[in-house]
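Participant: Have a peek at protein-v7.txt (compact mmCIF, C-alpha atoms).
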```txt
# COMPACT_ATOMS: atom_id res chain seq x y z
CA MET A 241 -196.62 54.68 -179.31
CA PRO A 242 -198.28 57.26 -177.01
CA THR A 243 -196.22 60.13 -175.78
CA GLN A 244 -196.23 60.46 -172.05
CA SER A 245 -196.83 64.03 -170.97
CA GLY A 246 -197.34 63.46 -167.25
CA PRO A 247 -194.63 62.88 -164.67
CA ALA A 248 -192.40 59.97 -165.55
CA THR A 249 -192.60 58.64 -162.02
CA SER A 250 -195.83 56.66 -162.44
CA GLU A 251 -195.79 54.76 -165.68
CA PRO A 252 -198.89 52.61 -166.03
CA GLY A 253 -198.19 49.12 -167.24
CA SER A 254 -194.54 49.20 -166.28
CA ALA A 255 -192.79 46.96 -163.81
CA ALA A 256 -193.05 49.81 -161.37
CA ALA A 257 -196.77 50.43 -161.81
CA GLU A 258 -199.47 49.63 -159.29
CA SER A 259 -196.95 50.03 -156.53
CA ASP A 260 -198.79 53.07 -155.19
CA ALA A 261 -200.55 51.01 -152.51
CA THR A 262 -197.25 49.84 -151.05
CA PRO A 263 -194.73 52.34 -152.38
CA GLY A 264 -191.51 50.73 -153.40
CA GLN A 265 -192.17 47.48 -151.59
CA ALA A 266 -193.93 44.60 -153.23
CA ARG A 267 -193.09 45.02 -156.90
CA PRO A 268 -189.30 45.39 -156.91
CA VAL A 269 -188.79 42.41 -154.64
CA ARG A 270 -191.30 40.14 -156.31
CA ASP A 271 -190.20 41.04 -159.82
CA GLY A 272 -186.54 40.76 -158.84
CA ILE A 273 -187.02 37.28 -157.40
CA ALA A 274 -188.95 36.19 -160.48
CA LEU A 275 -186.29 37.54 -162.80
CA GLY A 276 -183.54 35.94 -160.73
CA LEU A 277 -185.23 32.54 -160.86
CA ALA A 278 -186.13 32.69 -164.54
CA VAL A 279 -182.72 33.87 -165.75
CA GLY A 280 -180.74 31.93 -163.14
CA VAL A 281 -182.03 28.63 -164.49
CA SER A 282 -179.95 29.26 -167.60
CA GLY A 283 -176.96 28.54 -165.35
CA LEU A 284 -177.77 24.91 -166.19
CA ALA A 285 -176.87 25.60 -169.81
CA PHE A 286 -173.69 27.43 -168.81
CA GLY A 287 -172.56 24.64 -166.49
CA ALA A 288 -173.12 22.04 -169.18
CA ALA A 289 -171.44 24.17 -171.87
CA ALA A 290 -168.44 24.94 -169.64
CA VAL A 291 -167.77 21.29 -168.85
CA SER A 292 -168.12 20.24 -172.47
CA SER A 293 -165.67 23.06 -173.34
CA GLY A 294 -163.05 21.41 -171.19
CA LEU A 295 -163.40 23.30 -167.93
CA SER A 296 -163.63 21.25 -164.76
CA THR A 297 -166.77 21.40 -162.63
CA TRP A 298 -164.95 23.58 -160.10
CA GLN A 299 -163.61 25.93 -162.76
CA ALA A 300 -167.16 26.37 -164.09
CA CYS A 301 -168.38 27.08 -160.56
CA ALA A 302 -165.50 29.47 -159.85
CA LEU A 303 -166.44 31.51 -162.92
CA SER A 304 -170.08 31.74 -161.87
CA LEU A 305 -169.20 32.54 -158.26
CA LEU A 306 -166.49 35.12 -158.92
CA ALA A 307 -166.99 36.56 -162.40
CA PHE A 308 -170.82 36.34 -162.26
CA THR A 309 -171.49 37.85 -165.68
CA GLY A 310 -172.80 35.41 -168.24
CA ALA A 311 -171.44 36.84 -171.48
CA SER A 312 -167.84 36.88 -170.20
CA GLN A 313 -168.17 33.37 -168.80
CA TYR A 314 -169.45 32.00 -172.11
CA ALA A 315 -166.71 33.85 -173.99
CA LEU A 316 -163.91 32.26 -171.96
CA ALA A 317 -165.46 28.79 -172.19
CA GLY A 318 -165.84 29.23 -175.95
CA VAL A 319 -162.18 30.10 -176.46
CA ILE A 320 -161.10 27.16 -174.31
CA ALA A 321 -163.39 24.85 -176.31
CA ALA A 322 -161.88 26.11 -179.57
CA GLY A 323 -158.37 25.55 -178.20
CA GLY A 324 -157.61 29.24 -178.59
CA SER A 325 -155.04 31.32 -176.74
CA LEU A 326 -155.86 31.55 -173.04
CA LEU A 327 -154.44 35.06 -172.91
CA ALA A 328 -156.63 36.29 -175.75
CA GLY A 329 -159.60 34.42 -174.29
CA THR A 330 -159.11 36.07 -170.92
CA ALA A 331 -158.68 39.52 -172.45
CA GLY A 332 -161.83 39.09 -174.54
CA ALA A 333 -163.87 37.90 -171.58
CA ILE A 334 -162.73 40.84 -169.46
CA LEU A 335 -163.47 43.28 -172.29
CA LEU A 336 -167.02 41.96 -172.41
CA GLY A 337 -167.32 42.84 -168.74
CA SER A 338 -166.61 46.50 -169.45
CA ARG A 339 -170.29 47.25 -170.02
CA ASN A 340 -170.83 46.60 -166.33
CA THR A 341 -168.66 49.65 -165.65
CA LEU A 342 -171.11 51.76 -167.64
CA TYR A 343 -173.99 50.22 -165.70
CA GLY A 344 -172.25 50.95 -162.40
CA LEU A 345 -171.83 54.57 -163.43
CA ARG A 346 -175.60 54.85 -163.69
CA LEU A 347 -176.43 52.66 -160.67
CA SER A 348 -174.09 54.33 -158.19
CA GLU A 349 -176.48 57.24 -157.84
CA SER A 350 -179.58 55.12 -157.15
CA LEU A 351 -177.86 52.57 -154.93
CA ARG A 352 -175.71 54.95 -152.86
CA VAL A 353 -173.68 52.09 -151.44
CA ARG A 354 -170.87 52.97 -149.04
CA GLY A 355 -168.34 51.06 -146.94
CA TRP A 356 -168.37 47.26 -147.01
CA ARG A 357 -171.56 47.16 -149.03
CA ARG A 358 -169.90 48.69 -152.08
CA PRO A 359 -167.50 45.83 -152.91
CA LEU A 360 -170.39 43.42 -152.32
CA ALA A 361 -172.84 45.38 -154.49
CA ALA A 362 -170.20 45.62 -157.23
CA LEU A 363 -170.34 41.85 -157.77
CA GLY A 364 -174.02 42.23 -158.61
CA VAL A 365 -173.73 44.97 -161.25
CA ILE A 366 -174.87 43.09 -164.37
CA ASP A 367 -177.48 43.34 -167.14
CA GLU A 368 -180.40 41.89 -165.18
CA THR A 369 -179.90 43.82 -161.94
CA THR A 370 -179.37 47.07 -163.86
CA ALA A 371 -182.53 46.58 -165.92
CA LEU A 372 -184.70 45.85 -162.89
CA THR A 373 -183.18 48.59 -160.77
CA LEU A 374 -183.67 51.28 -163.39
CA ALA A 375 -187.30 50.26 -163.91
CA GLN A 376 -188.17 51.27 -160.35
CA PRO A 377 -189.90 54.59 -159.62
CA ASP A 378 -187.68 55.82 -156.77
CA PRO A 379 -184.32 55.11 -155.09
CA PRO A 380 -185.70 53.02 -152.17
CA ALA A 381 -187.53 50.74 -154.61
CA ALA A 382 -184.44 50.70 -156.83
CA ARG A 383 -182.30 49.50 -153.93
CA LYS A 384 -184.81 46.78 -152.97
CA GLY A 385 -185.05 45.66 -156.58
CA PHE A 386 -181.27 45.53 -156.97
CA TRP A 387 -180.63 43.42 -153.90
CA ALA A 388 -183.60 41.11 -154.51
CA THR A 389 -182.52 40.46 -158.11
CA PHE A 390 -178.85 40.11 -157.16
CA CYS A 391 -179.42 37.66 -154.28
CA CYS A 392 -181.92 35.49 -156.11
CA LEU A 393 -180.04 35.44 -159.40
CA TYR A 394 -176.70 34.81 -157.66
CA LEU A 395 -178.03 31.80 -155.76
CA THR A 396 -179.95 30.36 -158.70
CA TRP A 397 -177.19 30.95 -161.27
CA ASN A 398 -174.55 29.31 -159.07
CA LEU A 399 -176.65 26.32 -157.99
CA CYS A 400 -177.69 25.76 -161.60
CA THR A 401 -174.11 26.10 -162.84
CA LEU A 402 -173.12 23.30 -160.46
CA ALA A 403 -176.10 21.17 -161.45
CA GLY A 404 -175.46 21.77 -165.15
CA ALA A 405 -171.77 20.93 -164.78
CA LEU A 406 -172.73 17.70 -163.04
CA GLY A 407 -174.94 16.71 -165.95
CA ALA A 408 -178.38 17.99 -165.01
CA GLY A 409 -178.48 20.08 -168.17
CA ARG A 410 -179.26 16.98 -170.17
CA VAL A 411 -182.75 16.77 -168.65
CA GLY A 412 -184.22 19.16 -171.17
CA SER A 413 -183.23 21.97 -173.50
CA PRO A 414 -183.89 25.59 -172.48
CA GLN A 415 -185.90 26.01 -175.70
CA ALA A 416 -188.41 23.41 -174.56
CA PHE A 417 -189.50 25.75 -171.77
CA GLY A 418 -189.09 28.97 -173.71
CA LEU A 419 -186.28 29.98 -171.37
CA ASN A 420 -184.28 31.34 -174.31
CA VAL A 421 -186.68 34.28 -174.60
CA VAL A 422 -186.86 35.04 -170.87
CA GLY A 423 -183.74 37.22 -171.00
CA PRO A 424 -184.65 39.34 -174.04
CA ALA A 425 -188.31 39.64 -172.99
CA ALA A 426 -187.25 40.77 -169.51
CA PHE A 427 -184.83 43.36 -170.92
CA LEU A 428 -187.51 44.73 -173.22
CA ALA A 429 -190.11 44.84 -170.42
CA LEU A 430 -187.71 46.59 -168.08
CA ILE A 431 -186.64 49.33 -170.48
CA TRP A 432 -190.25 49.79 -171.67
CA PRO A 433 -190.98 52.64 -169.21
CA ARG A 434 -187.88 54.44 -170.53
CA LEU A 435 -189.04 53.94 -174.11
CA ARG A 436 -192.37 55.52 -173.26
CA ALA A 437 -190.66 58.39 -171.48
CA GLY A 438 -189.12 60.07 -174.49
CA ARG A 439 -188.32 60.10 -178.18
CA THR A 440 -184.57 60.18 -177.54
CA GLU A 441 -184.85 56.96 -175.52
CA ARG A 442 -186.74 55.23 -178.32
CA ALA A 443 -184.24 56.39 -180.92
CA VAL A 444 -181.31 55.25 -178.76
CA ALA A 445 -182.88 51.82 -178.20
CA VAL A 446 -183.59 51.29 -181.89
CA ALA A 447 -180.13 52.52 -182.88
CA GLY A 448 -178.51 50.27 -180.25
CA ALA A 449 -180.38 47.24 -181.55
CA ILE A 450 -179.48 48.03 -185.17
CA ILE A 451 -175.80 48.57 -184.35
CA ALA A 452 -175.60 45.28 -182.46
CA LEU A 453 -177.44 43.26 -185.12
CA GLY A 454 -175.48 44.87 -187.95
CA LEU A 455 -172.10 44.17 -186.36
CA THR A 456 -172.90 40.62 -185.19
CA PRO A 457 -171.75 38.90 -188.42
CA VAL A 458 -168.40 40.74 -188.47
CA LEU A 459 -167.29 40.98 -184.82
CA PRO A 460 -166.76 38.38 -182.06
CA ALA A 461 -169.83 37.63 -179.94
CA GLY A 462 -170.46 40.22 -177.25
CA VAL A 463 -168.51 43.06 -178.81
CA PRO A 464 -171.44 44.39 -180.91
CA VAL A 465 -173.50 44.85 -177.74
CA ILE A 466 -170.76 46.96 -176.15
CA LEU A 467 -170.48 49.08 -179.29
CA ALA A 468 -174.21 49.80 -179.01
CA ALA A 469 -173.10 52.31 -176.35
CA VAL A 470 -172.28 54.59 -179.30
CA ALA A 471 -176.06 55.04 -179.66
CA ALA A 472 -176.20 56.34 -176.08
CA LEU A 473 -173.34 58.71 -176.81
CA GLY A 474 -175.18 60.02 -179.87
CA GLY A 475 -178.37 60.40 -177.86
CA ALA A 476 -176.59 62.32 -175.11
CA LEU A 477 -174.97 64.72 -177.57
CA ALA A 478 -178.21 65.20 -179.51
CA THR A 479 -180.12 66.00 -176.32
CA GLN A 480 -177.54 68.59 -175.36
CA ARG A 481 -177.78 70.33 -178.69
CA SER A 482 -181.57 70.44 -179.00
CA GLN A 483 -182.52 71.00 -175.35
CA PRO A 484 -179.62 72.56 -173.48
CA ALA A 485 -181.61 72.99 -170.27
CA GLN A 486 -183.51 69.75 -170.08
CA GLY A 487 -184.71 69.58 -166.49
CA SER A 488 -187.31 66.81 -166.62
CA GLN A 489 -185.15 63.74 -166.15
CA PRO A 490 -186.80 60.45 -165.17
CA ALA A 491 -187.45 59.95 -161.49
CA GLN A 492 -184.27 58.59 -159.96
CA ALA A 493 -181.90 60.86 -161.76
CA ARG A 494 -182.13 63.63 -159.18
CA THR A 495 -179.70 63.83 -156.35
CA MET B 287 -154.95 22.66 -166.26
CA THR B 288 -153.06 25.29 -164.27
CA GLY B 289 -153.24 27.63 -167.27
CA VAL B 290 -157.00 27.29 -167.37
CA TRP B 291 -157.24 28.06 -163.66
CA ILE B 292 -155.16 31.21 -164.17
CA ALA B 293 -157.43 32.23 -167.05
CA VAL B 294 -160.55 31.58 -164.93
CA LEU B 295 -159.25 33.58 -161.96
CA ALA B 296 -157.90 36.42 -164.11
CA THR B 297 -161.25 36.68 -165.92
CA ALA B 298 -163.05 36.75 -162.58
CA ALA B 299 -160.73 39.42 -161.20
CA GLY B 300 -160.92 41.58 -164.33
CA CYS B 301 -164.71 41.36 -164.54
CA TYR B 302 -165.04 42.23 -160.87
CA LEU B 303 -162.73 45.23 -161.10
CA PHE B 304 -164.68 46.56 -164.10
CA LYS B 305 -167.89 46.30 -162.06
CA LEU B 306 -166.32 47.99 -159.04
CA ALA B 307 -164.87 50.80 -161.17
CA GLY B 308 -168.35 51.93 -162.25
CA LEU B 309 -169.62 52.15 -158.68
CA THR B 310 -166.47 53.94 -157.50
CA VAL B 311 -166.50 56.80 -160.03
CA PRO B 312 -166.73 60.07 -158.07
CA GLN B 313 -170.18 61.65 -158.17
CA ARG B 314 -168.74 64.92 -159.47
CA VAL B 315 -168.06 63.19 -162.78
CA LEU B 316 -171.82 62.68 -163.07
CA ALA B 317 -172.42 66.34 -162.32
CA SER B 318 -171.83 67.17 -165.96
CA PRO B 319 -175.25 67.03 -167.67
CA ARG B 320 -173.74 65.44 -170.74
CA VAL B 321 -172.07 62.61 -168.79
CA ARG B 322 -175.24 62.12 -166.76
CA ARG B 323 -177.37 61.90 -169.87
CA PHE B 324 -174.92 59.40 -171.38
CA ALA B 325 -174.98 57.27 -168.22
CA GLU B 326 -178.78 57.33 -168.34
CA LEU B 327 -178.98 56.27 -171.95
CA VAL B 328 -176.31 53.53 -171.80
CA PRO B 329 -178.55 50.90 -170.21
CA VAL B 330 -181.30 51.68 -172.74
CA ALA B 331 -178.89 51.20 -175.65
CA LEU B 332 -177.15 48.10 -174.29
CA LEU B 333 -180.25 46.32 -173.02
CA ALA B 334 -182.07 46.96 -176.31
CA ALA B 335 -179.00 45.63 -178.13
CA LEU B 336 -178.89 42.54 -175.90
CA ALA B 337 -182.60 41.89 -176.42
CA ALA B 338 -182.17 42.18 -180.20
CA VAL B 339 -179.08 39.96 -180.30
CA GLN B 340 -180.60 37.29 -178.07
CA THR B 341 -183.76 37.31 -180.15
CA ALA B 342 -182.41 37.31 -183.67
CA THR B 343 -178.90 35.85 -183.74
CA SER B 344 -177.11 32.56 -183.10
CA GLY B 345 -173.39 32.81 -182.62
CA GLN B 346 -172.17 35.16 -185.32
CA SER B 347 -175.07 34.96 -187.74
CA ILE B 348 -178.54 36.43 -187.95
CA ASP B 349 -180.98 33.66 -187.06
CA LEU B 350 -184.70 34.38 -187.36
CA ASP B 351 -186.04 31.52 -185.26
CA PRO B 352 -189.88 31.67 -185.45
CA ALA B 353 -190.38 30.46 -181.86
CA ARG B 354 -188.11 33.14 -180.39
CA LEU B 355 -189.56 35.87 -182.61
CA ALA B 356 -193.11 34.86 -181.69
CA GLY B 357 -192.15 34.85 -178.01
CA MET B 358 -190.86 38.40 -178.30
CA ALA B 359 -193.94 39.45 -180.27
CA ALA B 360 -196.07 38.09 -177.43
CA ALA B 361 -194.02 40.15 -174.98
CA VAL B 362 -194.62 43.30 -177.04
CA VAL B 363 -198.36 42.64 -177.16
CA ALA B 364 -198.42 42.08 -173.40
CA LEU B 365 -196.50 45.32 -172.86
CA LEU B 366 -198.85 47.28 -175.12
CA LEU B 367 -201.76 45.84 -173.11
CA ARG B 368 -199.97 47.10 -169.99
CA ALA B 369 -199.58 43.65 -168.48
CA PRO B 370 -197.46 43.37 -165.32
CA PHE B 371 -193.83 42.27 -165.63
CA LEU B 372 -194.40 38.63 -164.69
CA LEU B 373 -197.20 38.21 -167.21
CA VAL B 374 -194.94 39.63 -169.95
CA ILE B 375 -192.29 37.00 -169.18
CA VAL B 376 -194.81 34.16 -168.95
CA ALA B 377 -196.43 35.20 -172.25
CA ALA B 378 -193.06 35.27 -174.01
CA ALA B 379 -191.77 31.98 -172.61
CA GLY B 380 -195.13 30.23 -173.02
CA THR B 381 -195.47 31.28 -176.65
CA ALA B 382 -191.91 30.23 -177.52
CA ALA B 383 -192.28 26.92 -175.68
CA ALA B 384 -195.62 26.16 -177.37
CA LEU B 385 -194.20 26.82 -180.84
CA HIS B 386 -191.11 24.77 -180.01
CA ALA B 387 -193.31 21.88 -178.86
CA ALA B 388 -195.31 22.18 -182.07
CA GLY B 389 -192.08 21.67 -183.97
CA VAL B 390 -191.92 25.16 -185.44
CA SER B 391 -188.25 25.63 -184.64
```
Kindly transcribe the structure held in the file into structure tokens.
Facilitator:
Amino acid sequence: MPTQSGPATSEPGSAAAESDATPGQARPVRDGIALGLAVGVSGLAFGAAAVSSGLSTWQACALSLLAFTGASQYALAGVIAAGGSLLAGTAGAILLGSRNTLYGLRLSESLRVRGWRRPLAALGVIDETTALTLAQPDPPAARKGFWATFCCLYLTWNLCTLAGALGAGRVGSPQAFGLNVVGPAAFLALIWPRLRAGRTERAVAVAGAIIALGLTPVLPAGVPVILAAVAALGGALATQRSQPAQGSQPAQART
Amino acid sequence: MTGVWIAVLATAAGCYLFKLAGLTVPQRVLASPRVRRFAELVPVALLAALAAVQTATSGQSIDLDPARLAGMAAAVVALLLRAPFLLVIVAAAGTAAALHAAGVS
């Protein structure tokens, strides 16, 4: 993999590339809408799974409307399907949502949301919006990308949850359309510019993936992904030790 | 049924408050270079972990489904060829769908 020596602001081949003609305009919105549509369709699968787990249509819709974070929603539905303790199920689902806190920590600087926009933006702090926002070259593009992804994904995910709960999920399996790789492919594509930006980033990504895969057989679904944050902690400490005065952070990090 | 509603609403409230907490952390916390570096690397670690788990596991077991793996391989090739975001997604989904249709998985 080539090492990028130039400024990290213009990564060729990334989601943010070729935006020089219309800085921070076309790409974040178009890519955000595409991501929202492609991932939102999997709401069909959630709606169908929730209803077959024993949730009512309106309970499935309430989860998508108010919790709006897929992993937690699936976790609660799974516990209800297994007839497990509702208290433990709720606690587990909420724990899975804790990674969104870590995302928010990073996003707050790029988004700079104040007043009434902050509680609204908070609802949209999830995997997909974070990935697309961080792939943008500057804060204005980051903000456009965030809101475009959030709005499109929110609408699609909720409409598809309703449709799936009402039985539309039986039309075809997500695998038939390759929708089961849309999420992982999008995540990889969106962190790609970061992976090209530095060796620490690549090491952290590989370590995160290994931690999550290694722990999957022994821990409940979702928990291994949260524990992958240990890789980020290691990366942060390693950076501090080897380069105490690292000043060349990727574009949006500056205040 | 009431118990399930309470669980649904409590999950929603808890997930929302976790999201809000991240956005509400005072900026001075991020002033520390170490915390800032951690916050920068967290999405890289978690999104890579998510991509790996969604590619190579089912439930609680490792599951090397050829269609999914091929879809991700197509995405990597597209990324190495510097394809735009949409093309990367289409290449991945198209490859996985084609293999699925061919009965590979």
Participant: Which residues, written as a count of residues only, have at least one atom at most 12 Å from Thr288 in chain B, with only C-alpha atoms counted and residues fewer than 5 positions away on the same chain left out?
Facilitator: 7
Participant: Please, what distance in Å, to one decimal, runs between CA of Ala299 in chain B and CA of Gly294 in chain A?
Facilitator: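 Result for CA of Ala299 in chain B versus CA of Gly294 in chain A: 20.7 Å, one decimal.
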Participant: Rounded to one decimal place, report the CA of Thr396 in chain A-CA of Val290 in chain B distance in Å.
Facilitator: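 Separation between CA of Thr396 in chain A and CA of Val290 in chain B: 24.7 Å.
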Participant: Take the point (-179.5, 39.1, -183.4) in the file's coordinates, draw a sphere of radius 12 Å around it, and report as a PyMOL selection string every protein, DNA or RNA residue with an atom inside or on it, counting all atoms listed in the file.
Facilitator: (chain A and resi 424+448-457+461-462+464-465) or (chain B and resi 334-351+354-355)
Participant: May I have the residues at most 12 Å from (-196.8, 41.2, -178.7) in the file's coordinates, counting all atoms listed in the file, as a PyMOL selection string?
Facilitator: (chain A and resi 425+428-429) or (chain B and resi 354-369+373-375+377-378+381)
Participant: What does the distance from CA of Thr440 in chain A to CA of Ser348 in chain A come to in Å, to one decimal?
Facilitator: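 If I compute the distance from CA of Thr440 in chain A to CA of Ser348 in chain A, I get 22.8 Å.
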Participant: Please list as an mmCIF file with C-alpha atoms, in the coordinates of the input every residue within 7 Å of Val328 in chain B, counting all atoms listed in the file and excluding residues in the same chain fewer than 6 positions away.
Facilitator:
```cif
data_model
loop_
_atom_site.group_PDB
_atom_site.id
_atom_site.type_symbol
_atom_site.label_atom_id
_atom_site.label_comp_id
_atom_site.auth_asym_id
_atom_site.auth_seq_id
_atom_site.Cartn_x
_atom_site.Cartn_y
_atom_site.Cartn_z
ATOM 1 C CA LEU A 342 -171.110 51.760 -167.640
ATOM 2 C CA ALA A 469 -173.100 52.310 -176.350
ATOM 3 C CA ALA A 472 -176.200 56.340 -176.080
#
```
Participant: Check the smallest atom-to-atom distance from each of A:Ile466, A:Ala447, A:Leu395, A:Val365 to Leu303 in chain B using all atoms listed in the file, then report the winner.
Facilitator: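 Smallest distance to Leu303 in chain B is found for A:Val365.
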Participant: Leaving out Ala321 in chain A and any residue of its chain fewer than 2 positions from it, which residues lie within 12 Å of it when counting only C-alpha atoms, given as number ranges by chain?
Facilitator: A: 289-295, 314-319, 323-326, 329; B: 290
Participant: In terms of the shortest atom-to-atom distance over all atoms listed in the file, which of B:Leu309, B:Gly300, B:Leu332, B:Leu385 is closest to Gly337 in chain A?
Facilitator: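 Nearest to Gly337 in chain A: B:Gly300.
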Participant: Give me, as a PyMOL selection string, all polymer residues having an atom no more than 12 Å from Thr479 in chain A, counting only C-alpha atoms and skipping those fewer than 6 positions away in the same chain.
Facilitator: (chain A and resi 438-441+443-444+472-473+485-487+489) or (chain B and resi 319-324+326-327)
Participant: A:Ala478, A:Ala388, A:Leu406, A:Ala307: which is nearest chain B, counting all atoms listed in the file?
Facilitator: A:Ala307
Participant: May I ask which of the residues A:Val281, A:Cys392, A:Leu275, A:Leu303 is the closest one to Trp291 in chain B, counting all atoms listed in the file?
Facilitator: A:Leu303
Participant: Just checking: using only C-alpha atoms, which residue out of A:Gly385, A:Gly423, A:Gly355, A:Pro379 ends up closest to Thr310 in chain B?
Facilitator: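 Nearest to Thr310 in chain B: A:Gly355.
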